[in-house]
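Participant: My structure is in input.txt, and what it holds is compact mmCIF, C-alpha atoms:
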# COMPACT_ATOMS: atom_id res chain seq x y z
CA MET A 14 27.17 35.20 96.85
CA GLU A 15 24.38 34.49 99.35
CA PRO A 16 22.08 31.84 97.80
CA LEU A 17 18.32 32.18 97.71
CA THR A 18 16.49 30.25 100.40
CA LEU A 19 14.29 28.72 97.68
CA HIS A 20 17.13 28.10 95.21
CA PHE A 21 16.13 24.46 94.65
CA LEU A 22 12.49 25.37 93.88
CA HIS A 23 13.57 27.96 91.32
CA GLU A 24 16.02 25.47 89.83
CA GLN A 25 13.19 22.97 89.42
CA ALA A 26 11.18 25.68 87.63
CA GLY A 27 14.01 26.21 85.12
CA ALA A 28 15.46 29.38 86.61
CA ARG A 29 18.74 30.91 85.55
CA PHE A 30 20.49 32.80 88.32
CA THR A 31 22.47 36.01 88.64
CA GLU A 32 23.77 38.22 91.44
CA VAL A 33 22.63 41.60 92.75
CA GLY A 34 24.33 43.28 95.69
CA GLY A 35 26.13 40.08 96.67
CA ARG A 36 22.93 38.02 96.78
CA GLU A 37 21.57 35.44 94.38
CA VAL A 38 18.45 36.27 92.38
CA ALA A 39 16.45 34.28 89.84
CA ALA A 40 17.18 36.13 86.59
CA ASP A 41 14.51 34.41 84.51
CA TYR A 42 12.71 31.12 83.99
CA GLY A 43 13.49 30.73 80.30
CA ASP A 44 10.97 33.20 78.86
CA SER A 45 11.14 36.74 80.26
CA GLU A 46 8.53 37.94 77.76
CA ALA A 47 5.96 35.45 79.05
CA GLU A 48 6.81 36.39 82.65
CA TYR A 49 6.32 40.07 81.81
CA ARG A 50 2.97 39.38 80.09
CA ALA A 51 1.77 37.46 83.13
CA ALA A 52 2.51 40.47 85.35
CA ARG A 53 0.69 42.75 82.93
CA GLU A 54 -2.28 40.57 82.02
CA ALA A 55 -2.72 37.88 84.69
CA VAL A 56 -0.51 37.40 87.76
CA ALA A 57 3.17 36.78 88.46
CA LEU A 58 5.09 35.79 91.60
CA HIS A 59 8.57 37.13 92.31
CA ASP A 60 10.91 35.87 95.00
CA ALA A 61 12.40 39.07 96.47
CA SER A 62 13.85 37.33 99.52
CA TYR A 63 17.27 38.60 98.39
CA ARG A 64 16.27 41.97 99.87
CA GLU A 65 17.69 42.78 103.30
CA THR A 66 15.89 43.59 106.54
CA LEU A 67 16.89 45.55 109.63
CA ARG A 68 14.76 45.53 112.78
CA ILE A 69 14.73 48.36 115.34
CA THR A 70 13.44 47.90 118.88
CA GLY A 71 13.39 50.01 122.05
CA GLU A 72 11.20 52.78 123.47
CA ASP A 73 12.92 55.47 121.39
CA ARG A 74 12.95 53.52 118.10
CA ALA A 75 10.46 55.78 116.28
CA SER A 76 11.93 59.09 117.43
CA PHE A 77 15.47 57.88 116.68
CA LEU A 78 14.68 56.72 113.14
CA HIS A 79 12.53 59.83 112.59
CA GLY A 80 15.67 61.95 112.95
CA MET A 81 17.67 59.75 110.58
CA VAL A 82 15.44 59.54 107.50
CA THR A 83 13.58 61.88 105.16
CA GLN A 84 10.14 60.44 105.95
CA ASP A 85 7.83 61.06 108.92
CA VAL A 86 8.26 57.97 111.10
CA LYS A 87 6.69 59.28 114.31
CA GLY A 88 3.53 60.15 112.40
CA LEU A 89 3.13 56.67 110.92
CA ALA A 90 0.28 54.68 112.42
CA PRO A 91 1.11 51.15 113.61
CA GLY A 92 0.55 48.86 110.64
CA ALA A 93 1.51 51.50 108.09
CA ALA A 94 4.51 51.56 105.77
CA ALA A 95 6.35 54.38 104.03
CA TYR A 96 9.13 54.76 101.50
CA THR A 97 12.09 56.83 102.72
CA ALA A 98 15.69 57.80 102.06
CA MET A 99 18.69 58.09 104.33
CA ILE A 100 21.06 60.92 103.43
CA THR A 101 24.28 62.41 104.72
CA ALA A 102 24.62 65.91 106.18
CA LYS A 103 25.55 67.00 102.63
CA GLY A 104 22.29 65.60 101.23
CA ALA A 105 23.79 62.63 99.37
CA MET A 106 22.04 59.28 99.66
CA VAL A 107 23.18 56.50 101.95
CA ALA A 108 20.35 54.19 100.85
CA ASP A 109 16.62 54.01 100.39
CA ALA A 110 14.27 51.77 102.36
CA ARG A 111 10.69 50.95 103.15
CA VAL A 112 9.79 51.47 106.80
CA LEU A 113 7.15 49.16 108.29
CA LYS A 114 5.83 50.31 111.63
CA ARG A 115 4.60 47.47 113.83
CA GLU A 116 3.36 47.54 117.41
CA ALA A 117 6.63 46.33 118.94
CA ASP A 118 9.29 47.31 116.39
CA LEU A 119 10.20 48.94 113.10
CA LEU A 120 11.35 47.02 110.04
CA LEU A 121 13.53 48.48 107.29
CA ASP A 122 13.19 46.66 103.95
CA MET A 123 16.20 47.45 101.71
CA GLU A 124 17.95 46.59 98.47
CA PRO A 125 20.41 43.69 98.63
CA GLY A 126 23.86 44.65 99.83
CA GLN A 127 22.68 47.71 101.76
CA GLY A 128 21.93 46.26 105.20
CA ALA A 129 25.41 46.48 106.74
CA LYS A 130 25.98 50.00 105.40
CA VAL A 131 22.63 51.24 106.73
CA ARG A 132 23.25 49.67 110.12
CA GLU A 133 26.68 51.33 110.33
CA PHE A 134 25.16 54.69 109.36
CA LEU A 135 22.43 54.44 112.01
CA GLU A 136 24.76 53.18 114.74
CA LYS A 137 27.05 56.16 114.23
CA TYR A 138 24.27 58.43 115.49
CA LEU A 139 22.84 56.07 118.13
CA ILE A 140 24.21 57.53 121.37
CA SER A 141 21.86 57.69 124.34
CA GLU A 142 18.54 56.67 122.78
CA ASP A 143 16.76 53.53 123.90
CA ALA A 144 16.92 51.89 120.50
CA GLU A 145 18.60 48.71 119.30
CA LEU A 146 19.39 47.55 115.77
CA HIS A 147 19.01 43.89 114.78
CA GLU A 148 20.01 42.20 111.53
CA ALA A 149 16.75 40.55 110.45
CA THR A 150 17.38 39.35 106.89
CA GLY A 151 17.64 35.82 108.27
CA GLU A 152 14.23 36.19 109.92
CA TRP A 153 12.14 37.49 107.02
CA GLY A 154 11.80 37.00 103.27
CA LEU A 155 9.77 39.01 100.77
CA LEU A 156 7.52 37.56 98.06
CA ARG A 157 5.85 39.81 95.51
CA LEU A 158 2.61 39.31 93.58
CA LEU A 159 1.92 41.52 90.55
CA GLY A 160 -0.89 41.63 88.02
CA PRO A 161 -4.64 42.15 87.72
CA ARG A 162 -5.46 38.69 89.15
CA THR A 163 -3.45 39.20 92.33
CA ALA A 164 -6.60 39.54 94.45
CA GLU A 165 -8.03 36.24 93.13
CA VAL A 166 -4.81 34.39 93.91
CA LEU A 167 -4.61 35.82 97.42
CA GLY A 168 -8.28 35.04 97.99
CA ALA A 169 -7.75 31.43 96.96
CA ALA A 170 -4.60 31.11 99.08
CA LEU A 171 -6.15 32.75 102.16
CA GLY A 172 -9.48 30.92 101.86
CA SER A 173 -11.57 34.10 101.81
CA PRO A 174 -12.05 37.07 99.48
CA PHE A 175 -9.10 39.46 99.50
CA GLU A 176 -9.97 43.08 100.08
CA PRO A 177 -7.51 45.29 98.16
CA LEU A 178 -4.91 47.13 100.21
CA ALA A 179 -4.24 50.84 99.83
CA ALA A 180 -0.69 51.90 99.01
CA ASN A 181 1.58 51.32 102.03
CA ALA A 182 -1.21 49.80 104.11
CA THR A 183 -0.51 46.44 105.75
CA ARG A 184 -2.61 43.52 106.94
CA ALA A 185 -1.56 40.44 108.88
CA ALA A 186 -2.98 37.14 107.65
CA PRO A 187 -2.48 33.40 108.18
CA LEU A 188 -1.17 31.66 105.06
CA ALA A 189 0.16 28.11 104.70
CA GLY A 190 0.47 27.76 108.47
CA ALA A 191 2.43 31.00 108.90
CA GLN A 192 1.51 34.53 109.90
CA VAL A 193 2.45 36.81 107.00
CA LEU A 194 2.26 40.56 106.58
CA LEU A 195 0.59 41.76 103.38
CA VAL A 196 1.77 45.17 102.14
CA GLY A 197 0.09 47.29 99.50
CA HIS A 198 2.95 48.36 97.24
CA PRO A 199 1.84 49.60 93.80
CA SER A 200 5.13 51.18 92.72
CA PHE A 201 5.70 48.90 89.70
CA GLU A 202 2.17 47.66 89.01
CA LYS A 203 -1.09 48.94 90.48
CA HIS A 204 -2.32 45.55 91.78
CA GLN A 205 0.97 44.66 93.45
CA VAL A 206 1.00 43.14 96.95
CA ASP A 207 4.15 42.24 98.87
CA LEU A 208 4.16 39.44 101.41
CA LEU A 209 6.60 39.62 104.29
CA VAL A 210 7.06 35.99 105.29
CA PRO A 211 8.97 34.33 108.16
CA ARG A 212 11.99 32.90 106.33
CA GLY A 213 11.33 29.40 107.60
CA ALA A 214 7.88 29.50 105.97
CA LEU A 215 8.97 30.75 102.54
CA GLU A 216 8.75 27.34 100.88
CA ALA A 217 5.25 26.61 102.18
CA VAL A 218 3.94 30.07 101.28
CA TRP A 219 5.54 30.02 97.80
CA LYS A 220 4.01 26.62 97.06
CA ALA A 221 0.60 27.74 98.36
CA LEU A 222 0.63 30.81 96.11
CA VAL A 223 1.74 28.78 93.08
CA GLN A 224 -1.06 26.29 93.70
CA ALA A 225 -3.64 29.05 94.23
CA GLY A 226 -2.45 30.79 91.06
CA GLY A 227 -2.73 27.76 88.82
CA ALA A 228 -6.22 28.65 87.70
CA HIS A 229 -5.30 32.30 87.12
CA GLY A 230 -2.28 31.98 84.83
CA LEU A 231 0.35 32.60 87.50
CA LYS A 232 3.97 32.46 86.38
CA PRO A 233 7.17 32.90 88.41
CA LEU A 234 8.72 36.27 87.60
CA GLY A 235 12.47 36.69 87.26
CA PHE A 236 14.56 39.75 88.03
CA GLN A 237 14.95 40.69 84.35
CA ALA A 238 11.18 41.00 83.83
CA LEU A 239 10.84 42.82 87.17
CA GLU A 240 13.46 45.33 85.99
CA LEU A 241 11.49 45.86 82.79
CA LEU A 242 8.36 46.66 84.81
CA ARG A 243 10.37 48.94 87.08
CA VAL A 244 11.89 50.98 84.28
CA GLU A 245 8.56 51.31 82.45
CA ALA A 246 7.10 52.62 85.72
CA GLY A 247 9.94 55.16 85.98
CA VAL A 248 11.04 53.89 89.40
CA PRO A 249 14.76 54.33 90.20
CA ARG A 250 16.62 51.53 92.00
CA PHE A 251 19.41 52.20 94.47
CA GLY A 252 22.64 50.73 93.15
CA GLN A 253 21.47 51.17 89.56
CA ASP A 254 19.88 54.61 89.12
CA MET A 255 20.82 56.02 92.52
CA VAL A 256 24.25 55.94 94.13
CA GLU A 257 25.98 57.57 97.08
CA THR A 258 26.31 60.92 95.29
CA THR A 259 22.61 61.13 94.37
CA ILE A 260 20.43 63.75 96.08
CA PRO A 261 16.88 62.38 96.49
CA LEU A 262 15.27 65.28 94.60
CA GLU A 263 17.42 64.44 91.56
CA ALA A 264 15.83 60.99 91.49
CA ASN A 265 12.23 62.33 91.78
CA LEU A 266 11.88 61.04 95.36
CA THR A 267 9.64 63.81 96.64
CA HIS A 268 7.22 61.11 97.84
CA ALA A 269 9.96 59.91 100.20
CA ILE A 270 10.31 63.31 101.86
CA SER A 271 8.20 64.86 104.62
CA TYR A 272 8.41 68.66 104.68
CA ASN A 273 6.60 68.98 108.01
CA LYS A 274 8.48 66.54 110.24
CA GLY A 275 11.19 68.70 111.74
CA CYS A 276 14.93 68.06 111.83
CA TYR A 277 16.71 65.08 110.30
CA ILE A 278 20.17 64.41 108.93
CA GLY A 279 20.58 66.32 105.66
CA GLN A 280 17.38 68.35 106.02
CA GLU A 281 19.05 71.71 105.31
CA VAL A 282 20.28 70.57 101.90
CA ILE A 283 16.83 69.28 100.92
CA ALA A 284 15.18 72.48 102.19
CA ARG A 285 17.59 74.72 100.24
CA ALA A 286 17.12 72.73 97.05
CA THR A 287 13.34 72.79 97.43
CA PHE A 288 13.30 76.54 98.11
CA ARG A 289 15.49 77.15 95.06
CA GLY A 290 12.90 75.27 93.03
CA HIS A 291 15.12 73.13 90.85
CA MET A 292 17.98 70.67 90.76
CA ASN A 293 20.74 70.94 88.18
CA ARG A 294 19.74 67.51 86.86
CA LYS A 295 16.74 65.20 87.20
CA LEU A 296 15.92 61.61 86.36
CA ALA A 297 14.04 61.46 83.07
CA GLY A 298 12.97 58.98 80.43
CA LEU A 299 14.62 58.47 77.06
CA LEU A 300 13.20 56.93 73.89
CA LEU A 301 16.04 55.12 72.13
CA GLY A 302 14.28 53.53 69.16
CA GLU A 303 16.50 50.62 68.11
CA VAL A 304 19.67 52.25 69.42
CA GLU A 305 21.63 50.01 71.77
CA ALA A 306 23.07 51.83 74.76
CA ARG A 307 24.53 50.83 78.10
CA PRO A 308 24.24 52.34 81.57
CA GLY A 309 26.88 55.02 81.94
CA THR A 310 26.62 56.20 78.32
CA GLU A 311 27.03 59.98 78.12
CA LEU A 312 24.30 62.26 76.77
CA ARG A 313 25.29 65.37 74.85
CA LYS A 314 23.69 68.51 73.45
CA GLY A 315 26.09 69.66 70.78
CA GLU A 316 29.53 69.40 72.31
CA LYS A 317 28.29 69.72 75.89
CA LYS A 318 27.76 66.76 78.21
CA VAL A 319 24.25 67.07 79.67
CA GLY A 320 23.68 63.71 81.37
CA TRP A 321 24.11 59.95 81.39
CA ILE A 322 22.04 56.77 81.15
CA THR A 323 21.40 54.57 84.19
CA SER A 324 18.98 51.79 83.08
CA VAL A 325 18.08 50.41 79.63
CA VAL A 326 15.33 47.94 78.66
CA ARG A 327 13.30 47.06 75.59
CA SER A 328 9.76 48.21 76.41
CA PRO A 329 6.77 46.31 75.00
CA VAL A 330 4.59 49.31 75.95
CA GLN A 331 6.68 51.69 73.82
CA GLY A 332 7.68 49.15 71.17
CA GLN A 333 11.31 50.25 71.40
CA ARG A 334 14.26 50.51 73.76
CA VAL A 335 13.83 53.01 76.57
CA ALA A 336 16.11 54.26 79.32
CA LEU A 337 16.23 56.09 82.60
CA ALA A 338 18.82 58.86 82.61
CA TYR A 339 19.93 61.93 84.48
CA VAL A 340 19.47 64.98 82.27
CA HIS A 341 20.46 68.62 82.87
CA ARG A 342 17.48 70.78 83.79
CA ASP A 343 17.80 72.86 80.60
CA HIS A 344 17.03 69.79 78.47
CA LEU A 345 14.21 68.05 80.35
CA GLU A 346 11.38 69.07 78.01
CA PRO A 347 9.78 65.94 76.47
CA GLY A 348 10.77 65.63 72.83
CA THR A 349 14.17 67.25 73.34
CA GLU A 350 16.72 65.52 71.14
CA LEU A 351 20.03 64.52 72.73
CA THR A 352 23.01 62.71 71.27
CA LEU A 353 24.63 59.63 72.71
CA ALA A 354 28.38 59.68 73.07
CA GLU A 355 28.57 57.18 70.18
CA GLY A 356 26.57 59.48 67.88
CA PRO A 357 22.89 58.36 67.60
CA THR A 358 20.07 60.75 68.56
CA VAL A 359 17.52 59.94 71.27
CA LYS A 360 14.52 61.82 72.69
CA VAL A 361 13.60 62.85 76.23
CA ALA A 362 10.28 61.36 77.38
CA PRO A 363 8.06 61.87 80.46
CA LEU A 364 7.93 59.25 83.20
CA PRO A 365 6.39 56.78 83.66
CA PHE A 366 6.62 55.18 80.22
CA SER A 367 3.58 52.99 80.93
Translate the structure described by the file into structure tokens.
Facilitator:
Amino acid sequence: MEPLTLHFLHEQAGARFTEVGGREVAADYGDSEAEYRAAREAVALHDASYRETLRITGEDRASFLHGMVTQDVKGLAPGAAAYTAMITAKGAMVADARVLKREADLLLDMEPGQGAKVREFLEKYLISEDAELHEATGEWGLLRLLGPRTAEVLGAALGSPFEPLAANATRAAPLAGAQVLLVGHPSFEKHQVDLLVPRGALEAVWKALVQAGGAHGLKPLGFQALELLRVEAGVPRFGQDMVETTIPLEANLTHAISYNKGCYIGQEVIARATFRGHMNRKLAGLLLGEVEARPGTELRKGEKKVGWITSVVRSPVQGQRVALAYVHRDHLEPGTELTLAEGPTVKVAPLPFS
């Protein structure tokens, strides 16, 4: 397991640790409910430096990546970001990523454990293009601020008022003696801002944000509370709700797909599925009440298997356990009752939960 760069700081804050994708994460700091409330009502800081980064350089970097992913890379303005998927010729996912387009390179921000696989996938198709792939996880770390007081904390840390960032917009800024890249990223929480930080400056930037957040109720946010926010927002995570047999449209990833960009690996499968107008199954929400269920639990309608659960949390917003699950298209109507393999009945719900 690859340890967190800031392991000792999290340890001092009372963190308990776990592993995701072969990398250490701070699971919680002793009170996940308080961490969750801070993200909802004040501000919370999450160390996402366990995520992996790939850097692409060379004159053909944009055109090469453009042909490898579902998103329009060539059309991105320098300084913009976009969420994308990489798929095989059969339309199944290799991984998902956030692309950050900078003046001199492209950065791919990915889930832990995906970097080597993505690099191998890209290198297989890199033949004559002037593009070079660089492992950059050791160069960059990601910190994540969530909550309605995010702007106040960033303003205090930066020394000037923080102007909110649009989704997937970026802004470079000096912070704690380092040049960081701020990224608008409201997928889990509408005030969320990600900070891409040179790895050697993570400690200084983390401490500066903690100090700036003292007057605003900032708490460190563990992975468990982050997962709760993610599931309530209806956002699938690769490795949990998406795997290498998932087709992006099944996981509601239409926002990761450009339909005007031209050819890319797997485009024909996506085009056929879009033209047909439906997938056989889609990611949906489930209301479980007090029923305990685990990822992988089968869903049935009568004697027929119609889906399975991928993520389960207890939602403060819903006041009950909720889940993300793949459900057959004939049973996606909110309110539809399905039966777990063990017997209890649950109900289909629209996403997001919150």
Participant: I'd like the neighbourhood of stretch 46-60 of chain A as an NGL selection string, where a residue qualifies if any of its atoms comes within 6 Å (using all atoms listed in the file), though same-chain residues fewer than 2 positions away should be ignored.
Facilitator: :A and (44 or 62 or 156-163 or 230-234 or 238)
Participant: If you keep C-alpha atoms, can you produce a file of those selected residues as a PDB file, keeping the file's coordinate frame?
Facilitator:
ATOM      1  CA  ASP A  44      10.970  33.200  78.860  1.00  0.00           C
ATOM      2  CA  SER A  62      13.850  37.330  99.520  1.00  0.00           C
ATOM      3  CA  LEU A 156       7.520  37.560  98.060  1.00  0.00           C
ATOM      4  CA  ARG A 157       5.850  39.810  95.510  1.00  0.00           C
ATOM      5  CA  LEU A 158       2.610  39.310  93.580  1.00  0.00           C
ATOM      6  CA  LEU A 159       1.920  41.520  90.550  1.00  0.00           C
ATOM      7  CA  GLY A 160      -0.890  41.630  88.020  1.00  0.00           C
ATOM      8  CA  PRO A 161      -4.640  42.150  87.720  1.00  0.00           C
ATOM      9  CA  ARG A 162      -5.460  38.690  89.150  1.00  0.00           C
ATOM     10  CA  THR A 163      -3.450  39.200  92.330  1.00  0.00           C
ATOM     11  CA  GLY A 230      -2.280  31.980  84.830  1.00  0.00           C
ATOM     12  CA  LEU A 231       0.350  32.600  87.500  1.00  0.00           C
ATOM     13  CA  LYS A 232       3.970  32.460  86.380  1.00  0.00           C
ATOM     14  CA  PRO A 233       7.170  32.900  88.410  1.00  0.00           C
ATOM     15  CA  LEU A 234       8.720  36.270  87.600  1.00  0.00           C
ATOM     16  CA  ALA A 238      11.180  41.000  83.830  1.00  0.00           C
TER      17      ALA A 238
END
Participant: So which residues touch stretch 215-219 of chain A within 9 Å, counting all atoms listed in the file, skipping near sequence neighbours fewer than 2 positions away, as number ranges by chain?
Facilitator: A: 18-19, 22, 58, 60, 62, 153-156, 170, 188-191, 193, 210-213, 221-224
Participant: Find the residues near A:Leu195: any atom within 12 Å, counting all atoms listed in the file, skip ones fewer than 3 places away on the same chain, and give them as a PyMOL selection string.
Facilitator: chain A and resi 92-94+113+155-158+164+167+171+175-188+192+198+205-210
Participant: Smallest atom-to-atom distance to A:Val86: which of A:Thr267, A:Asn273, A:Ser328, A:Thr287, using only C-alpha atoms?
Facilitator: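 Distance minimum relative to A:Val86 lands on A:Asn273.
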Participant: Neighbouring residues of A:Ala75 were defined as those with any atom within 7 Å, considering all atoms listed in the file; residues of the same chain fewer than 2 positions away were excluded. Please report them as a PyMOL selection string.
Facilitator: chain A and resi 73+77-79+86-87
Participant: Check which residues of stretch 15-108 of chain A sit at most 8 Å from stretch 132-141 of chain A using only C-alpha atoms, and return one row each with the closest pair of atoms and their distance in Å to one decimal, ordered by chain and rising number, as CSV.
Facilitator:
residue,atom,partner,partner_atom,distance
A:Leu67,CA,A:Arg132,CA,7.6
A:Phe77,CA,A:Leu139,CA,7.7
A:Met81,CA,A:Leu135,CA,7.3
A:Val107,CA,A:Phe134,CA,7.9
Participant: For a quick check of understanding, using all atoms listed in the file, which of A:Ser76, A:Ser324, A:Thr352, A:Ser367 has the smallest distance to A:Gln237?
Facilitator: A:Ser324
